[in-house]
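*Asks:* I'd like to ask some things about the structure below.
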Amino acid sequence: MRFAPPFASWHESIIPMSRRTKRPPKKSLRKSTKPTKSWANQPGGFQPPPGWGAQQPSGGFYQYGGGDGGVEFEFGGTGFSDFFEAFFGGGRGRSAFGGFGGRQATAERGADVEADIMVTLEEALHGSTRTVSLRRAGSNKVENYQVKIPRGVHEGQRIRLAGQGEAGTRGGKSGDLFLRVRLARHPDFTVEGSDLIHEVKVAPWQAVLGTELKVPTLEGNVRLKIPPGTQGGQRFRLRERGLPGISGKRGNLYVVAQMNIPKKLTEREREIWSELAKLHSA
């Protein structure tokens with residue numbers, strides 16, 4: 001089929017640049033109307049192979065455009081046919097140019113491993129170095145590590161042992177071993193952040209008249225003055241007797257007064273409590 005422009009001689013009305021500038025004339029801008037050759041309009045036409053236009057295994061299909069000289073391709077999934085994926089390494093099969101399709105195998109880092117470590121409050125206060133034994137899942141071998149417990153560790157904090165996790169593959173680095181801190185229960189204290197809580201039992205007459213009690217700390221016993229009229233649940237603060245905080249400054253130790261009411265009374269004690277009751281009710 002020939003394609004003729006609507007104005008066949010439009011280029012003849014334009015003065016070539018070469019006549020004005022004395023430069024060699026440029027090539028003509030007129031498009032060639034000579035018919036092009038393609039396999040679609042060759043003698044005998046195009047003979048599609050069997051199955052052309054059928055649904056392909058990849059989910060797409062080929063579509064022949066007919067005798068107008070054009071062919072359309074449509075593919076589903078990755079956008080490539082099975083043939084091209086297998087030939088150029090689309091990840092489905094072995095490439096025709098050697099090796100398997102897709103990305104080359106690279107070194108992979110080993111997985112990290114986590115385990116719990118029990119730390120005493122004294123270790124959290126002063127820090128320590130301890131031998132820790134660990135047995136990995138699926139292995140009977142016991143591994144020993146020297147672990148440095150830093151001063152001021154808290155519940156849930158992790159201590160990292162670099163390179164002691166799972167081994168890497170294809171030359172990759174080993175993962176890390178993380179020891180998650182669990183503060184061991186203490187017979188005298190509970191932990192609230194960097195503060196320590198200690199409960200002390202106070203007899204009714206001590207609460208009424210006041211007294212002085214011996215209370216424990218992580219560094220030994222100290223004397224605490226209980227003032228007259230102390231109430232049940234009242235707190236007394238001992239400054240910087242707790243655990244080190246993030247800034248390094250120590251928390252406080254809070255002593256909580258708990259009323260210790262006698263369960264059994266002698267006859268004389270009962271008389272005294274009765275007299276006290278009469279005095280307060282008068």
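Residue names in the structure tokens use chain letters A, B, ... in the order shown, residue numbers from 1 in each chain, and ligand numbers from 1 in the order shown.
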Show me, as a tab-separated table, the residues of segment 192-217 of chain A having an atom within 7 Å of segment 258-279 of chain A, each with the closest atom pair and its distance in Å, using only C-alpha atoms.
*Replies:*
residue	atom	partner	partner_atom	distance
A:Glu199	CA	A:Gln258	CA	6.7
A:Val200	CA	A:Gln258	CA	5.9
A:Lys201	CA	A:Gln258	CA	4.8
A:Val202	CA	A:Met259	CA	5.0
A:Ala203	CA	A:Asn260	CA	4.9
A:Pro204	CA	A:Met259	CA	6.5
*Asks:* Could you pull the residues within 9 Å of segment 125-130 of chain A, counting only C-alpha atoms, minus those fewer than 2 positions along the same chain, as an NGL selection string?
*Replies:* :A and (120-123 or 132 or 145-153 or 218 or 242-244 or 250)
*Asks:* Restricting the output to all heavy atoms, write the selected residues as a short mmCIF file (atom, residue, chain, number, x, y, z; two decimals), in the first residue's frame.
*Replies:*
data_model
loop_
_atom_site.label_atom_id
_atom_site.label_comp_id
_atom_site.auth_asym_id
_atom_site.auth_seq_id
_atom_site.Cartn_x
_atom_site.Cartn_y
_atom_site.Cartn_z
N THR A 120 21.46 -10.83 89.39
CA THR A 120 21.07 -10.42 90.73
C THR A 120 21.08 -8.90 90.84
O THR A 120 21.72 -8.20 90.03
CB THR A 120 22.03 -11.02 91.78
OG1 THR A 120 23.33 -10.45 91.60
CG2 THR A 120 22.11 -12.53 91.64
N LEU A 121 20.40 -8.37 91.85
CA LEU A 121 20.38 -6.93 92.05
C LEU A 121 21.77 -6.41 92.41
O LEU A 121 22.14 -5.29 92.05
CB LEU A 121 19.38 -6.55 93.14
CG LEU A 121 17.91 -6.87 92.83
CD1 LEU A 121 17.01 -6.33 93.95
CD2 LEU A 121 17.49 -6.29 91.50
N GLU A 122 22.54 -7.23 93.12
CA GLU A 122 23.91 -6.83 93.45
C GLU A 122 24.76 -6.71 92.19
O GLU A 122 25.58 -5.78 92.07
CB GLU A 122 24.53 -7.83 94.42
CG GLU A 122 23.97 -7.78 95.83
CD GLU A 122 22.62 -8.48 95.98
OE1 GLU A 122 22.18 -9.13 95.00
OE2 GLU A 122 22.00 -8.37 97.05
N GLU A 123 24.56 -7.61 91.22
CA GLU A 123 25.29 -7.51 89.95
C GLU A 123 24.84 -6.30 89.15
O GLU A 123 25.65 -5.63 88.50
CB GLU A 123 25.08 -8.79 89.12
CG GLU A 123 25.80 -10.00 89.66
CD GLU A 123 25.50 -11.25 88.86
OE1 GLU A 123 24.32 -11.46 88.52
OE2 GLU A 123 26.44 -12.01 88.57
N VAL A 132 28.74 -18.11 81.59
CA VAL A 132 27.38 -18.51 81.25
C VAL A 132 27.47 -19.75 80.36
O VAL A 132 28.25 -19.79 79.39
CB VAL A 132 26.64 -17.38 80.51
CG1 VAL A 132 25.28 -17.85 80.03
CG2 VAL A 132 26.49 -16.18 81.43
N TYR A 145 30.57 -19.21 77.93
CA TYR A 145 30.97 -17.86 77.54
C TYR A 145 31.26 -17.03 78.77
O TYR A 145 30.59 -17.16 79.80
CB TYR A 145 29.87 -17.18 76.73
CG TYR A 145 29.51 -17.88 75.45
CD1 TYR A 145 28.44 -18.77 75.40
CD2 TYR A 145 30.24 -17.67 74.28
CE1 TYR A 145 28.10 -19.43 74.22
CE2 TYR A 145 29.91 -18.31 73.10
CZ TYR A 145 28.84 -19.18 73.08
OH TYR A 145 28.52 -19.83 71.91
N GLN A 146 32.27 -16.17 78.66
CA GLN A 146 32.54 -15.19 79.70
C GLN A 146 31.73 -13.93 79.37
O GLN A 146 31.98 -13.27 78.36
CB GLN A 146 34.03 -14.86 79.75
CG GLN A 146 34.89 -15.98 80.32
CD GLN A 146 34.63 -16.21 81.81
OE1 GLN A 146 34.46 -15.26 82.58
NE2 GLN A 146 34.61 -17.47 82.21
N VAL A 147 30.76 -13.62 80.20
CA VAL A 147 29.85 -12.51 79.93
C VAL A 147 30.11 -11.38 80.93
O VAL A 147 30.13 -11.61 82.15
CB VAL A 147 28.37 -12.96 80.03
CG1 VAL A 147 27.44 -11.80 79.78
CG2 VAL A 147 28.11 -14.08 79.04
N LYS A 148 30.30 -10.19 80.39
CA LYS A 148 30.47 -9.02 81.24
C LYS A 148 29.11 -8.36 81.44
O LYS A 148 28.50 -7.90 80.48
CB LYS A 148 31.45 -8.03 80.60
CG LYS A 148 31.72 -6.81 81.47
CD LYS A 148 32.72 -5.88 80.83
CE LYS A 148 32.98 -4.67 81.72
NZ LYS A 148 33.97 -3.74 81.10
N ILE A 149 28.66 -8.33 82.68
CA ILE A 149 27.39 -7.70 83.01
C ILE A 149 27.68 -6.26 83.42
O ILE A 149 28.32 -6.02 84.45
CB ILE A 149 26.68 -8.46 84.14
CG1 ILE A 149 26.41 -9.90 83.70
CG2 ILE A 149 25.37 -7.77 84.51
CD1 ILE A 149 25.87 -10.78 84.80
N PRO A 150 27.25 -5.30 82.63
CA PRO A 150 27.58 -3.91 82.95
C PRO A 150 26.80 -3.39 84.15
O PRO A 150 25.71 -3.87 84.46
CB PRO A 150 27.20 -3.16 81.67
CG PRO A 150 26.15 -4.00 81.04
CD PRO A 150 26.47 -5.42 81.39
N ARG A 151 27.36 -2.42 84.79
CA ARG A 151 26.71 -1.79 85.93
C ARG A 151 25.45 -1.06 85.46
O ARG A 151 25.46 -0.35 84.46
CB ARG A 151 27.67 -0.79 86.59
CG ARG A 151 27.09 -0.02 87.77
CD ARG A 151 28.15 0.91 88.35
NE ARG A 151 27.62 1.65 89.49
CZ ARG A 151 27.01 2.83 89.42
NH1 ARG A 151 26.85 3.41 88.23
NH2 ARG A 151 26.58 3.43 90.51
N GLY A 152 24.35 -1.26 86.19
CA GLY A 152 23.12 -0.53 85.89
C GLY A 152 22.21 -1.20 84.87
O GLY A 152 21.32 -0.54 84.34
N VAL A 153 22.39 -2.51 84.58
CA VAL A 153 21.49 -3.17 83.64
C VAL A 153 20.10 -3.26 84.26
O VAL A 153 19.93 -3.32 85.47
CB VAL A 153 22.01 -4.58 83.27
CG1 VAL A 153 23.29 -4.49 82.48
CG2 VAL A 153 22.16 -5.45 84.51
N LEU A 218 21.16 -2.77 99.66
CA LEU A 218 22.08 -3.62 98.88
C LEU A 218 23.51 -3.53 99.38
O LEU A 218 24.36 -4.34 98.97
CB LEU A 218 22.02 -3.24 97.39
CG LEU A 218 20.73 -3.57 96.66
CD1 LEU A 218 20.78 -3.05 95.24
CD2 LEU A 218 20.47 -5.07 96.67
N GLY A 242 19.03 3.00 95.61
CA GLY A 242 18.46 2.08 94.63
C GLY A 242 19.49 1.63 93.60
O GLY A 242 20.68 1.52 93.89
N LEU A 243 19.03 1.40 92.35
CA LEU A 243 19.89 0.92 91.27
C LEU A 243 20.33 2.10 90.40
O LEU A 243 19.63 3.12 90.33
CB LEU A 243 19.14 -0.11 90.42
CG LEU A 243 18.70 -1.38 91.12
CD1 LEU A 243 17.85 -2.23 90.17
CD2 LEU A 243 19.91 -2.18 91.61
N PRO A 244 21.45 1.96 89.71
CA PRO A 244 21.87 3.04 88.79
C PRO A 244 20.88 3.18 87.64
O PRO A 244 20.39 2.20 87.08
CB PRO A 244 23.24 2.55 88.29
CG PRO A 244 23.69 1.53 89.29
CD PRO A 244 22.44 0.89 89.80
N ARG A 250 21.93 6.99 90.85
CA ARG A 250 21.19 5.91 91.48
C ARG A 250 19.78 6.35 91.86
O ARG A 250 19.52 7.52 92.15
CB ARG A 250 21.93 5.42 92.73
CG ARG A 250 23.21 4.68 92.43
CD ARG A 250 23.84 4.16 93.68
NE ARG A 250 22.99 3.21 94.39
CZ ARG A 250 23.37 2.55 95.49
NH1 ARG A 250 24.58 2.75 96.00
NH2 ARG A 250 22.55 1.70 96.06
#
*Asks:* Identify, with DSSP run on backbone atoms, the residues in segment 186-273 of chain A assigned to strand (DSSP E or B), and express the list as a PyMOL selection string.
*Replies:* chain A and resi 190-192+195-202+211-217+220-226+235-238+244+250+253-259
*Asks:* Filtering to N, CA, C and O atoms, could you give me those residues as a compact mmCIF listing (two decimals), in the first residue's frame?
*Replies:*
# COMPACT_ATOMS: atom_id res chain seq x y z
N THR A 190 11.67 -5.27 95.93
CA THR A 190 11.07 -5.33 94.60
C THR A 190 11.58 -4.11 93.83
O THR A 190 12.02 -3.12 94.42
N VAL A 191 11.51 -4.20 92.49
CA VAL A 191 12.13 -3.18 91.64
C VAL A 191 11.05 -2.39 90.92
O VAL A 191 10.12 -2.96 90.35
N GLU A 192 11.17 -1.08 90.96
CA GLU A 192 10.33 -0.17 90.18
C GLU A 192 11.25 0.78 89.41
O GLU A 192 11.66 1.83 89.93
N ASP A 195 14.28 2.36 91.22
CA ASP A 195 14.00 2.41 92.65
C ASP A 195 13.80 1.01 93.21
O ASP A 195 13.34 0.10 92.51
N LEU A 196 14.11 0.88 94.48
CA LEU A 196 13.87 -0.37 95.22
C LEU A 196 12.80 -0.12 96.27
O LEU A 196 12.73 0.96 96.86
N ILE A 197 11.98 -1.15 96.49
CA ILE A 197 10.89 -1.07 97.47
C ILE A 197 11.13 -2.14 98.53
O ILE A 197 11.35 -3.32 98.19
N HIS A 198 11.06 -1.71 99.79
CA HIS A 198 11.18 -2.65 100.90
C HIS A 198 10.03 -2.40 101.87
O HIS A 198 9.76 -1.25 102.26
N GLU A 199 9.35 -3.46 102.26
CA GLU A 199 8.26 -3.35 103.22
C GLU A 199 8.75 -3.74 104.61
O GLU A 199 9.44 -4.76 104.77
N VAL A 200 8.38 -2.93 105.57
CA VAL A 200 8.78 -3.20 106.94
C VAL A 200 7.52 -3.26 107.81
O VAL A 200 6.59 -2.46 107.62
N LYS A 201 7.49 -4.19 108.73
CA LYS A 201 6.35 -4.33 109.62
C LYS A 201 6.55 -3.47 110.87
O LYS A 201 7.60 -3.52 111.50
N VAL A 202 5.50 -2.73 111.17
CA VAL A 202 5.55 -1.81 112.31
C VAL A 202 4.42 -2.18 113.27
O VAL A 202 3.25 -2.30 112.86
N THR A 211 9.52 5.02 116.60
CA THR A 211 10.61 4.10 116.94
C THR A 211 11.72 4.22 115.91
O THR A 211 11.64 5.03 114.98
N GLU A 212 12.72 3.42 116.06
CA GLU A 212 13.82 3.36 115.09
C GLU A 212 14.02 1.90 114.70
O GLU A 212 14.16 1.04 115.58
N LEU A 213 14.03 1.64 113.39
CA LEU A 213 14.11 0.27 112.89
C LEU A 213 15.37 0.08 112.06
O LEU A 213 15.90 1.02 111.45
N LYS A 214 15.81 -1.18 112.00
CA LYS A 214 16.94 -1.55 111.14
C LYS A 214 16.38 -2.10 109.83
O LYS A 214 15.60 -3.05 109.84
N VAL A 215 16.77 -1.48 108.71
CA VAL A 215 16.27 -1.91 107.40
C VAL A 215 17.45 -2.27 106.50
O VAL A 215 18.54 -1.68 106.60
N PRO A 216 17.26 -3.25 105.61
CA PRO A 216 18.37 -3.68 104.74
C PRO A 216 18.48 -2.78 103.51
O PRO A 216 17.51 -2.19 103.04
N THR A 217 19.68 -2.70 102.96
CA THR A 217 19.96 -2.10 101.66
C THR A 217 20.88 -3.07 100.92
O THR A 217 21.34 -4.08 101.48
N GLY A 220 24.18 -3.24 102.86
CA GLY A 220 24.18 -3.47 104.31
C GLY A 220 23.00 -2.79 104.98
O GLY A 220 22.22 -2.07 104.35
N ASN A 221 22.85 -3.05 106.27
CA ASN A 221 21.73 -2.52 107.03
C ASN A 221 21.99 -1.07 107.46
O ASN A 221 23.13 -0.65 107.70
N VAL A 222 20.87 -0.33 107.55
CA VAL A 222 20.92 1.05 108.04
C VAL A 222 19.79 1.23 109.04
O VAL A 222 18.84 0.44 109.08
N ARG A 223 19.88 2.32 109.86
CA ARG A 223 18.84 2.63 110.83
C ARG A 223 17.88 3.64 110.23
O ARG A 223 18.28 4.62 109.59
N LEU A 224 16.58 3.37 110.39
CA LEU A 224 15.54 4.26 109.87
C LEU A 224 14.65 4.69 111.04
O LEU A 224 14.12 3.86 111.78
N LYS A 225 14.46 6.00 111.15
CA LYS A 225 13.62 6.54 112.22
C LYS A 225 12.16 6.56 111.76
O LYS A 225 11.84 7.12 110.72
N ILE A 226 11.31 5.91 112.53
CA ILE A 226 9.86 5.90 112.29
C ILE A 226 9.23 6.94 113.21
O ILE A 226 9.27 6.80 114.44
N ARG A 235 5.30 5.79 103.12
CA ARG A 235 6.63 5.53 102.56
C ARG A 235 7.68 6.46 103.16
O ARG A 235 7.43 7.64 103.37
N PHE A 236 8.87 5.87 103.36
CA PHE A 236 10.02 6.64 103.81
C PHE A 236 11.15 6.45 102.80
O PHE A 236 11.46 5.32 102.42
N ARG A 237 11.74 7.56 102.38
CA ARG A 237 12.73 7.51 101.30
C ARG A 237 14.16 7.55 101.83
O ARG A 237 14.50 8.40 102.66
N LEU A 238 14.95 6.63 101.32
CA LEU A 238 16.39 6.65 101.55
C LEU A 238 17.03 7.02 100.21
O LEU A 238 17.03 6.21 99.27
N PRO A 244 21.45 1.96 89.71
CA PRO A 244 21.87 3.04 88.79
C PRO A 244 20.88 3.18 87.64
O PRO A 244 20.39 2.20 87.08
N ARG A 250 21.93 6.99 90.85
CA ARG A 250 21.19 5.91 91.48
C ARG A 250 19.78 6.35 91.86
O ARG A 250 19.52 7.52 92.15
N LEU A 253 15.68 4.11 97.62
CA LEU A 253 15.09 2.99 98.34
C LEU A 253 13.91 3.52 99.15
O LEU A 253 14.07 4.45 99.94
N TYR A 254 12.73 2.94 98.89
CA TYR A 254 11.53 3.36 99.61
C TYR A 254 11.14 2.26 100.60
O TYR A 254 10.95 1.10 100.20
N VAL A 255 11.03 2.66 101.86
CA VAL A 255 10.61 1.75 102.92
C VAL A 255 9.13 2.01 103.20
O VAL A 255 8.74 3.14 103.53
N VAL A 256 8.32 0.96 103.05
CA VAL A 256 6.87 1.09 103.21
C VAL A 256 6.48 0.47 104.55
O VAL A 256 6.78 -0.70 104.82
N ALA A 257 5.81 1.25 105.38
CA ALA A 257 5.38 0.78 106.70
C ALA A 257 4.10 -0.04 106.56
O ALA A 257 3.11 0.42 105.99
N GLN A 258 4.14 -1.26 107.07
CA GLN A 258 2.97 -2.12 107.10
C GLN A 258 2.64 -2.43 108.56
O GLN A 258 3.50 -2.87 109.33
N MET A 259 1.38 -2.19 108.93
CA MET A 259 0.97 -2.39 110.31
C MET A 259 0.95 -3.89 110.65
O MET A 259 0.35 -4.70 109.93
*Asks:* Identify which of the residues A:Pro187, A:Gly110, A:Gly156, A:Gly232 lies closest to Gly172 of chain A, counting only C-alpha atoms when measuring atom-to-atom distances.
*Replies:* A:Gly110
*Asks:* I want to know what sits within 7 Å of Leu134 of chain A, based on only C-alpha atoms, with residues of the same chain fewer than 4 positions away left out; could you give that as number ranges by chain?
*Replies:* A: 142-144
*Asks:* Go ahead and write the residues just picked, N, CA and C atoms, as a compact mmCIF listing (two decimals), in the first residue's frame.
*Replies:*
# COMPACT_ATOMS: atom_id res chain seq x y z
N VAL A 142 27.45 -28.26 75.21
CA VAL A 142 27.30 -27.13 76.11
C VAL A 142 28.42 -26.13 75.81
N GLU A 143 28.05 -24.90 75.54
CA GLU A 143 29.02 -23.85 75.24
C GLU A 143 29.11 -22.90 76.43
N ASN A 144 30.33 -22.53 76.77
CA ASN A 144 30.57 -21.63 77.89
C ASN A 144 31.08 -20.29 77.38
*Asks:* Measuring atom to atom with only C-alpha atoms, identify which of A:Ala167, A:Val119, A:Ala124, A:Ala207 is nearest to Ala107 of chain A.
*Replies:*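 So, comparing all the options, the nearest one is A:Ala167.
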